[in-house]
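Here the structure is laid out as structure tokens; the discussion comes afterwards.
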Amino acid sequence: MRPAAETPDDERMRGPTTGALSYACGLGDVPLRYQAIGEALRHTIAARPDADALVVPHQGVRWSWRSLGERVDRVAVGLLALGLEPGDRVGMWGPNSAEWVLVQLACARAGFILVTINPAYRRDELVHALELTGVRALVLADRFKSSDYVAMLLDAVPRFGGADQGSDGPCSELRFAIGLGRTVGDIIPFERLLEEPDSAPFAHLETISREVGPDDAACIQFTSGTTGAPKGATLSHFGLLNNGALTGSVMRMRPEDRVCIPVPLFHCFGMVVGVLGCVAHGSTMVLPSESFDPAAVMASVERERCTVLYGVPTMFIAELALPDFGRFDISSLRTGAMGGAPCPEDVMRRVCVDMEMREVTIAFGMTETSPVSFQTRTDADLETRTATIGTAHPWVEARIADETGRPVSRGKIGELQIRGYGVMLGYWNDPQRTAETIINGWLRTGDLAAMDDQGRCRIVGRSKDMIIRGGENIYPVELENFLRTHPAIVDVAVFGVPDARLGEEVCAWIKTSGPLSAEHILAHCAGRLAHYKIPSHVRFVDGFPMTASGKMYKPGMRKAEERDPTPRIPVARGSERAIKERLSR
């Protein structure tokens with residue numbers, strides 16, 4: 001498929017290439033903003049005081065920018081009144097809500113460092129997050145799904161329930177717990193932060209806010225922790241604000257846009273591309289529900305006339321699969337961002353046509369880069385949107401490097417590395433892993449990738465996910481993209497499982513739309529894949545273990561295989577000739 005014709009703007013956004021090496025620098029017409037998040041918020045409030053800023057249907061919230069700003073300042077003043085100081089860490093633990101946005105922006109205004117805590121965390125994970133970052137105040141929801149946040153906090157830190165814990169208990173730096181729902185013991189009700197004080201504290205807040213600099217830490221976000229305990233990536237005001245602004249600029253966002261944000265706010269996608277993108281552009285934030293609900297998303301898009309929609313591919317798939325999808329009027333949609341995983345071609349076609357998002361973009365990045373480092377443009381062709389992650393983001397340098405750190409030739413596979421404004425300040429309290437990850441300013445992503453002559457990047461897998469079968473390197477993403485071309489395969493996850501003879505073998509978890517057998521998979525692969533890439537084991541599943549941000553959780557799949565390997569179906573295979581002979585019988 002030939003790429004679509006490009007405009008001069010596209011050429012400028014892509015940036016120059018250097019010889020035949022896998023290096024690119026994204027350029028753009030929008031300059032970087034050297035300001036803190038609180039300053040950007042003040043400018044937006046002044047420019048659009050009466051326009052809708054935040055709409056949360058399930059809470060009955062509809063606030064203008066002026067109203068949002070007043071509440072943000074009250075929360076900031078309330079936290080300062082507790083005795084917190086700029087630089088102190090404030091944790092936020094709960095699903096999407098209006099209060100989540102208030103805490104995020106209040107921390108930015110007062111110079112606190114927001115610590116985002118995964119709503120799926122259990123007790124021990126909570127303790128790790130609080131102790132690693134030295135959180136002084138924790139804002140927590142009452143409960144969500146099967147999680148009773150208050151009970152877990154009281155179990156971990158009994159002193160908030162009135163128990164005598166002593167000075168050497170866990171989370172010794174945690175001084176305040178602020179509850180969004182029921183409050184027991186010493187847990188402070190969130191409403192107390194919203195009480196309007198006299199004018200003196202607001203003057204103090206303004207003084208503090210002016211001293212918060214663009215290069216100061218604004219947020220600590222935890223990585224997935226798939227290779228050990230989660231690490232806290234420390235991100236700056238400068239990196240977060242500009243990433244939200246520029247991701248929106250690539251989508252050609254406008255102040256009058258209304259942005260539906262069903263992705264979780266604890267993750268960079270929600271709090272940066274979602275919230276800060278709207279702060280930067282003066283657009284309206286719409287939070288359709290506490291957590292992803294496809295019907296709530298469609299209803300919110302229809303009712304609020306949303307023009308922008310975010311999500312990971314599984315979210316778009318679920319929205320398109322609604323039995324009554326056709327009854328929703330979503331003709332207002334124009335653009336959006338899809339990230340977190342490759343998007344199958346048929347899904348992308350339906351997003352562009354059935355959801356009328358003809359300008360939808362693919363955004364790629366990671367927490368440590370604030371997060372977006374590559375993005376497709378609004379007029380990208382289908383191949384670019386489904387087979388690549390687009391080109392380097394404005395003002396971001398990217399290279400594909402070998403084991404020595406030298407750029408490889410165009411088309412060769414190596415590790416994707418990023419340098420620029422959005423690279424994290426470091427892992428909180430972990431200089432060793434910071435030094436291992438950022439070398440001479442280049443952040444090692446751990447993603448295996450290749451860059452073509454147009455500067456487009458194609459991800460072939462994670463270095464830690466690469467399967468080494470009998471000395472052959474196999475990239476799971478390549479196999480997943482191929483298997484999705486089968487009409488009956490809805491989604492698939494490929495990963496390695498231990499094998500006594502070859503070291504590893506290829507295992508595929510497959511979700512289908514109808515009856516399918518291992519022999520069907522073999523027939524689909526035979527003659528189209530090298531024999532060593534063909535899955536040796538297949539498990540047909542109804543769903544996949546997922547992270548709270550909507551990504552497939554392959555470590556959970558591997559653990560399931562280790563615990564119970566018998567249900568997976570072994571695929572008889574051998575040389576390509578032997579496969580063909582078996583199938584012809």
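In the structure tokens, chains take letters A, B, ... by order of appearance, with residues numbered from 1 within each chain and ligands from 1 in the order shown.
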
Write out as a PyMOL selection string the set of residues from range 277-421 of chain A that DSSP, computed on the backbone, places in strand (DSSP E). chain A and resi 284-286+308-311+335-338+361-365+372-375+391-392+396-401+414-420

Mind dumping the selected residues with N, CA and C atoms as a compact mmCIF listing (two decimals), in the first residue's frame?
```txt
# COMPACT_ATOMS: atom_id res chain seq x y z
N THR A 284 -12.66 20.98 26.36
CA THR A 284 -13.49 20.44 27.44
C THR A 284 -13.15 18.98 27.71
N MET A 285 -12.98 18.63 28.99
CA MET A 285 -12.75 17.25 29.41
C MET A 285 -14.09 16.60 29.73
N VAL A 286 -14.32 15.41 29.19
CA VAL A 286 -15.52 14.64 29.51
C VAL A 286 -15.07 13.28 30.03
N VAL A 308 -13.49 14.56 20.05
CA VAL A 308 -12.23 13.82 20.23
C VAL A 308 -12.50 12.65 21.17
N LEU A 309 -11.95 11.48 20.83
CA LEU A 309 -12.13 10.29 21.67
C LEU A 309 -10.79 9.58 21.81
N TYR A 310 -10.47 9.19 23.05
CA TYR A 310 -9.23 8.48 23.34
C TYR A 310 -9.53 7.03 23.72
N GLY A 311 -8.51 6.18 23.62
CA GLY A 311 -8.67 4.80 24.06
C GLY A 311 -7.57 3.91 23.53
N THR A 335 -11.55 13.32 15.55
CA THR A 335 -10.19 12.83 15.73
C THR A 335 -10.05 12.17 17.09
N GLY A 336 -8.84 11.83 17.45
CA GLY A 336 -8.57 11.20 18.74
C GLY A 336 -7.20 10.56 18.73
N ALA A 337 -6.93 9.81 19.77
CA ALA A 337 -5.65 9.11 19.88
C ALA A 337 -5.91 7.70 20.35
N MET A 338 -5.21 6.77 19.73
CA MET A 338 -5.29 5.37 20.08
C MET A 338 -3.87 4.93 20.43
N THR A 361 -5.46 9.40 15.31
CA THR A 361 -4.01 9.21 15.29
C THR A 361 -3.61 8.05 16.19
N ILE A 362 -2.45 7.48 15.91
CA ILE A 362 -1.83 6.48 16.78
C ILE A 362 -0.76 7.19 17.59
N ALA A 363 -0.83 7.07 18.91
CA ALA A 363 0.16 7.69 19.79
C ALA A 363 0.95 6.59 20.48
N PHE A 364 2.26 6.74 20.49
CA PHE A 364 3.12 5.71 21.10
C PHE A 364 4.08 6.38 22.07
N GLY A 365 4.30 5.72 23.19
CA GLY A 365 5.27 6.23 24.15
C GLY A 365 5.32 5.35 25.37
N VAL A 372 4.22 10.52 25.20
CA VAL A 372 4.21 10.28 23.76
C VAL A 372 5.53 10.68 23.11
N SER A 373 6.08 9.77 22.30
CA SER A 373 7.33 10.07 21.58
C SER A 373 7.17 9.88 20.07
N PHE A 374 6.15 9.15 19.63
CA PHE A 374 5.84 8.98 18.21
C PHE A 374 4.33 9.13 18.04
N GLN A 375 3.92 9.66 16.89
CA GLN A 375 2.49 9.80 16.63
C GLN A 375 2.26 9.90 15.13
N THR A 391 5.76 8.89 13.03
CA THR A 391 7.08 9.51 13.03
C THR A 391 7.33 10.19 14.38
N ALA A 392 8.57 10.62 14.55
CA ALA A 392 8.97 11.22 15.83
C ALA A 392 8.11 12.43 16.18
N VAL A 396 11.26 15.89 19.56
CA VAL A 396 11.78 14.66 20.17
C VAL A 396 12.77 14.01 19.22
N GLU A 397 13.92 13.61 19.74
CA GLU A 397 14.90 12.85 18.98
C GLU A 397 14.67 11.36 19.22
N ALA A 398 14.84 10.58 18.17
CA ALA A 398 14.68 9.13 18.28
C ALA A 398 15.76 8.44 17.45
N ARG A 399 16.24 7.33 17.94
CA ARG A 399 17.18 6.52 17.17
C ARG A 399 16.94 5.05 17.48
N ILE A 400 17.34 4.21 16.54
CA ILE A 400 17.34 2.76 16.73
C ILE A 400 18.80 2.36 16.86
N ALA A 401 19.16 1.80 18.00
CA ALA A 401 20.58 1.56 18.30
C ALA A 401 20.86 0.07 18.53
N GLY A 414 16.71 -2.77 16.09
CA GLY A 414 17.53 -2.45 17.25
C GLY A 414 16.63 -1.93 18.35
N GLU A 415 17.23 -1.34 19.38
CA GLU A 415 16.44 -0.80 20.49
C GLU A 415 16.07 0.65 20.21
N LEU A 416 14.80 0.99 20.39
CA LEU A 416 14.34 2.36 20.25
C LEU A 416 14.81 3.17 21.46
N GLN A 417 15.45 4.30 21.19
CA GLN A 417 15.93 5.18 22.25
C GLN A 417 15.44 6.59 21.99
N ILE A 418 15.13 7.32 23.06
CA ILE A 418 14.50 8.64 22.96
C ILE A 418 15.31 9.66 23.74
N ARG A 419 15.42 10.87 23.15
CA ARG A 419 16.07 11.97 23.85
C ARG A 419 15.24 13.24 23.63
N GLY A 420 15.09 14.05 24.67
CA GLY A 420 14.33 15.28 24.48
C GLY A 420 13.68 15.77 25.75
```

Find the spatial neighbours of range 87-103 of chain A, counting only C-alpha atoms, within a cut-off of 8 Å - ignore same-chain residues fewer than 2 positions away - and output them as a ChimeraX atom specification. /A:54,56,59,61,68,71-72,75-76,84-85,105-107,111-119,130,133-141,143-144,180,217,264-266,275,287,289-291

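Proximity of A:Leu193, A:Leu382, A:Ile187, A:Leu132 to Asp73 in chain A, computed with only C-alpha atoms, is greatest for A:Leu193.
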
Interatomic distance, CA of Ala46 in chain A to CA of Gly83 in chain A (Å, one decimal):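 Here the two named atoms are 29.4 Å from each other.
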
For Ser513 in chain A, which of A:Gly213, A:Pro487, A:Pro476, A:Gly232 is the closest residue, counting only C-alpha atoms?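 Once distances to Ser513 in chain A are computed over only C-alpha atoms, the minimum belongs to A:Pro487.
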
May I have the residues within 12 Å of range 296-300 of chain A as an mmCIF file with N, CA, C and O atoms, in the first residue's frame, using only C-alpha atoms and disregarding those fewer than 3 positions away in the same chain?
```cif
data_model
loop_
_atom_site.group_PDB
_atom_site.id
_atom_site.type_symbol
_atom_site.label_atom_id
_atom_site.label_comp_id
_atom_site.auth_asym_id
_atom_site.auth_seq_id
_atom_site.Cartn_x
_atom_site.Cartn_y
_atom_site.Cartn_z
ATOM 1 N N VAL A 55 -16.706 17.894 32.479
ATOM 2 C CA VAL A 55 -18.032 17.299 32.545
ATOM 3 C C VAL A 55 -17.873 15.847 33.000
ATOM 4 O O VAL A 55 -17.129 15.081 32.384
ATOM 5 N N VAL A 56 -18.547 15.486 34.099
ATOM 6 C CA VAL A 56 -18.485 14.116 34.627
ATOM 7 C C VAL A 56 -19.928 13.655 34.846
ATOM 8 O O VAL A 56 -20.514 13.894 35.920
ATOM 9 N N PRO A 57 -20.537 13.015 33.845
ATOM 10 C CA PRO A 57 -21.961 12.667 33.935
ATOM 11 C C PRO A 57 -22.328 11.840 35.161
ATOM 12 O O PRO A 57 -23.367 12.092 35.789
ATOM 13 N N HIS A 58 -21.499 10.857 35.520
ATOM 14 C CA HIS A 58 -21.891 9.979 36.624
ATOM 15 C C HIS A 58 -21.827 10.677 37.981
ATOM 16 O O HIS A 58 -22.327 10.149 38.975
ATOM 17 N N ARG A 258 -14.355 19.030 22.346
ATOM 18 C CA ARG A 258 -14.850 18.372 23.552
ATOM 19 C C ARG A 258 -14.287 16.954 23.537
ATOM 20 O O ARG A 258 -14.552 16.184 22.607
ATOM 21 N N VAL A 259 -13.506 16.619 24.554
ATOM 22 C CA VAL A 259 -12.657 15.432 24.540
ATOM 23 C C VAL A 259 -13.188 14.377 25.497
ATOM 24 O O VAL A 259 -13.264 14.604 26.712
ATOM 25 N N CYS A 260 -13.558 13.221 24.966
ATOM 26 C CA CYS A 260 -14.025 12.102 25.790
ATOM 27 C C CYS A 260 -12.815 11.304 26.260
ATOM 28 O O CYS A 260 -12.024 10.809 25.441
ATOM 29 N N ILE A 261 -12.682 11.154 27.594
ATOM 30 C CA ILE A 261 -11.490 10.533 28.199
ATOM 31 C C ILE A 261 -11.916 9.310 29.012
ATOM 32 O O ILE A 261 -12.140 9.398 30.226
ATOM 33 N N PRO A 262 -12.049 8.136 28.365
ATOM 34 C CA PRO A 262 -12.411 6.930 29.115
ATOM 35 C C PRO A 262 -11.203 6.187 29.682
ATOM 36 O O PRO A 262 -11.361 5.217 30.417
ATOM 37 N N VAL A 263 -9.983 6.622 29.314
ATOM 38 C CA VAL A 263 -8.773 5.959 29.807
ATOM 39 C C VAL A 263 -8.518 6.394 31.249
ATOM 40 O O VAL A 263 -8.919 7.486 31.656
ATOM 41 N N MET A 285 -12.976 18.635 28.991
ATOM 42 C CA MET A 285 -12.753 17.255 29.411
ATOM 43 C C MET A 285 -14.089 16.596 29.733
ATOM 44 O O MET A 285 -14.877 17.155 30.496
ATOM 45 N N VAL A 286 -14.317 15.410 29.194
ATOM 46 C CA VAL A 286 -15.521 14.635 29.510
ATOM 47 C C VAL A 286 -15.073 13.276 30.033
ATOM 48 O O VAL A 286 -14.421 12.507 29.318
ATOM 49 N N LEU A 287 -15.389 12.989 31.295
ATOM 50 C CA LEU A 287 -15.072 11.686 31.897
ATOM 51 C C LEU A 287 -16.353 10.871 31.924
ATOM 52 O O LEU A 287 -17.238 11.129 32.750
ATOM 53 N N PRO A 288 -16.512 9.885 31.040
ATOM 54 C CA PRO A 288 -17.809 9.209 30.896
ATOM 55 C C PRO A 288 -18.200 8.306 32.052
ATOM 56 O O PRO A 288 -19.386 8.073 32.277
ATOM 57 N N SER A 289 -17.223 7.771 32.795
ATOM 58 C CA SER A 289 -17.543 6.841 33.879
ATOM 59 C C SER A 289 -16.306 6.634 34.741
ATOM 60 O O SER A 289 -15.202 7.065 34.389
ATOM 61 N N GLU A 290 -16.487 5.958 35.896
ATOM 62 C CA GLU A 290 -15.365 5.707 36.804
ATOM 63 C C GLU A 290 -14.274 4.892 36.122
ATOM 64 O O GLU A 290 -13.089 5.157 36.276
ATOM 65 N N SER A 291 -14.688 3.870 35.417
ATOM 66 C CA SER A 291 -13.769 3.035 34.652
ATOM 67 C C SER A 291 -14.425 2.754 33.312
ATOM 68 O O SER A 291 -15.584 3.107 33.097
ATOM 69 N N PHE A 292 -13.704 2.109 32.433
ATOM 70 C CA PHE A 292 -14.202 1.981 31.068
ATOM 71 C C PHE A 292 -15.522 1.233 30.989
ATOM 72 O O PHE A 292 -15.663 0.120 31.483
ATOM 73 N N ASP A 293 -16.490 1.856 30.328
ATOM 74 C CA ASP A 293 -17.805 1.284 30.068
ATOM 75 C C ASP A 293 -18.175 1.722 28.654
ATOM 76 O O ASP A 293 -18.454 2.902 28.426
ATOM 77 N N ARG A 303 -24.282 12.722 23.890
ATOM 78 C CA ARG A 303 -24.914 13.779 24.689
ATOM 79 C C ARG A 303 -24.064 15.054 24.711
ATOM 80 O O ARG A 303 -24.600 16.166 24.626
ATOM 81 N N GLU A 304 -22.751 14.901 24.815
ATOM 82 C CA GLU A 304 -21.863 16.061 24.939
ATOM 83 C C GLU A 304 -21.298 16.524 23.600
ATOM 84 O O GLU A 304 -20.532 17.471 23.558
ATOM 85 N N ARG A 305 -21.678 15.856 22.525
ATOM 86 C CA ARG A 305 -21.189 16.194 21.180
ATOM 87 C C ARG A 305 -19.673 16.234 21.158
ATOM 88 O O ARG A 305 -19.045 17.196 20.687
ATOM 89 N N CYS A 306 -19.062 15.166 21.670
ATOM 90 C CA CYS A 306 -17.597 15.091 21.723
ATOM 91 C C CYS A 306 -17.022 15.028 20.314
ATOM 92 O O CYS A 306 -17.568 14.352 19.425
ATOM 93 N N THR A 307 -15.922 15.704 20.117
ATOM 94 C CA THR A 307 -15.230 15.724 18.829
ATOM 95 C C THR A 307 -13.957 14.897 18.849
ATOM 96 O O THR A 307 -13.405 14.580 17.799
ATOM 97 N N VAL A 308 -13.491 14.561 20.051
ATOM 98 C CA VAL A 308 -12.234 13.825 20.233
ATOM 99 C C VAL A 308 -12.496 12.655 21.174
ATOM 100 O O VAL A 308 -13.179 12.816 22.190
ATOM 101 N N LEU A 309 -11.951 11.485 20.833
ATOM 102 C CA LEU A 309 -12.125 10.294 21.670
ATOM 103 C C LEU A 309 -10.793 9.578 21.814
ATOM 104 O O LEU A 309 -10.073 9.376 20.839
ATOM 105 N N TYR A 310 -10.466 9.194 23.052
ATOM 106 C CA TYR A 310 -9.225 8.475 23.340
ATOM 107 C C TYR A 310 -9.530 7.026 23.721
ATOM 108 O O TYR A 310 -10.647 6.696 24.138
ATOM 109 N N GLY A 311 -8.514 6.178 23.617
ATOM 110 C CA GLY A 311 -8.668 4.800 24.064
ATOM 111 C C GLY A 311 -7.573 3.908 23.532
ATOM 112 O O GLY A 311 -6.796 4.293 22.648
ATOM 113 N N MET A 315 -10.609 -0.931 23.753
ATOM 114 C CA MET A 315 -11.750 -0.077 24.075
ATOM 115 C C MET A 315 -12.567 0.219 22.821
ATOM 116 O O MET A 315 -13.807 0.137 22.838
ATOM 117 N N PHE A 316 -11.886 0.550 21.728
ATOM 118 C CA PHE A 316 -12.595 0.819 20.486
ATOM 119 C C PHE A 316 -13.315 -0.439 19.986
ATOM 120 O O PHE A 316 -14.436 -0.368 19.471
ATOM 121 N N ALA A 318 -14.541 -2.826 21.856
ATOM 122 C CA ALA A 318 -15.722 -3.019 22.697
ATOM 123 C C ALA A 318 -16.831 -2.040 22.325
ATOM 124 O O ALA A 318 -18.020 -2.394 22.340
ATOM 125 N N GLU A 319 -16.473 -0.815 21.980
ATOM 126 C CA GLU A 319 -17.477 0.178 21.587
ATOM 127 C C GLU A 319 -18.153 -0.228 20.274
ATOM 128 O O GLU A 319 -19.383 -0.167 20.141
ATOM 129 N N LEU A 320 -17.341 -0.670 19.323
ATOM 130 C CA LEU A 320 -17.888 -1.084 18.032
ATOM 131 C C LEU A 320 -18.746 -2.341 18.150
ATOM 132 O O LEU A 320 -19.640 -2.570 17.325
ATOM 133 N N ALA A 321 -18.481 -3.169 19.170
ATOM 134 C CA ALA A 321 -19.199 -4.434 19.350
ATOM 135 C C ALA A 321 -20.515 -4.273 20.103
ATOM 136 O O ALA A 321 -21.248 -5.255 20.269
ATOM 137 N N LEU A 322 -20.839 -3.069 20.567
ATOM 138 C CA LEU A 322 -22.096 -2.883 21.279
ATOM 139 C C LEU A 322 -23.274 -3.292 20.387
ATOM 140 O O LEU A 322 -23.347 -2.878 19.221
ATOM 141 N N ASP A 324 -26.191 -2.255 20.262
ATOM 142 C CA ASP A 324 -26.959 -1.101 19.802
ATOM 143 C C ASP A 324 -26.054 0.045 19.356
ATOM 144 O O ASP A 324 -26.440 1.220 19.437
ATOM 145 N N PHE A 325 -24.854 -0.304 18.892
ATOM 146 C CA PHE A 325 -23.899 0.723 18.463
ATOM 147 C C PHE A 325 -24.535 1.718 17.494
ATOM 148 O O PHE A 325 -24.323 2.933 17.587
ATOM 149 N N GLY A 326 -25.334 1.224 16.569
ATOM 150 C CA GLY A 326 -25.889 2.068 15.523
ATOM 151 C C GLY A 326 -26.879 3.107 16.001
ATOM 152 O O GLY A 326 -27.179 4.061 15.272
ATOM 153 N N ARG A 327 -27.388 2.952 17.225
ATOM 154 C CA ARG A 327 -28.407 3.911 17.689
ATOM 155 C C ARG A 327 -27.792 5.198 18.227
ATOM 156 O O ARG A 327 -28.491 6.197 18.421
ATOM 157 N N PHE A 328 -26.470 5.186 18.480
ATOM 158 C CA PHE A 328 -25.829 6.375 19.029
ATOM 159 C C PHE A 328 -25.478 7.355 17.912
ATOM 160 O O PHE A 328 -24.917 6.966 16.887
ATOM 161 N N ASP A 329 -25.778 8.619 18.121
ATOM 162 C CA ASP A 329 -25.390 9.664 17.176
ATOM 163 C C ASP A 329 -24.014 10.179 17.592
ATOM 164 O O ASP A 329 -23.885 10.991 18.509
ATOM 165 N N ILE A 330 -22.986 9.677 16.912
ATOM 166 C CA ILE A 330 -21.618 10.083 17.237
ATOM 167 C C ILE A 330 -20.991 10.831 16.067
ATOM 168 O O ILE A 330 -19.774 10.840 15.886
ATOM 169 N N SER A 331 -21.847 11.485 15.293
ATOM 170 C CA SER A 331 -21.376 12.189 14.101
ATOM 171 C C SER A 331 -20.498 13.386 14.423
ATOM 172 O O SER A 331 -19.837 13.934 13.543
ATOM 173 N N SER A 332 -20.473 13.790 15.698
ATOM 174 C CA SER A 332 -19.626 14.918 16.093
ATOM 175 C C SER A 332 -18.143 14.552 16.120
ATOM 176 O O SER A 332 -17.278 15.433 16.059
ATOM 177 N N LEU A 333 -17.820 13.249 16.219
ATOM 178 C CA LEU A 333 -16.424 12.831 16.341
ATOM 179 C C LEU A 333 -15.621 13.196 15.092
ATOM 180 O O LEU A 333 -16.106 13.091 13.968
ATOM 181 N N MET A 355 -17.194 5.131 13.085
ATOM 182 C CA MET A 355 -17.153 6.111 14.169
ATOM 183 C C MET A 355 -16.840 7.516 13.649
ATOM 184 O O MET A 355 -16.764 8.468 14.441
#
```
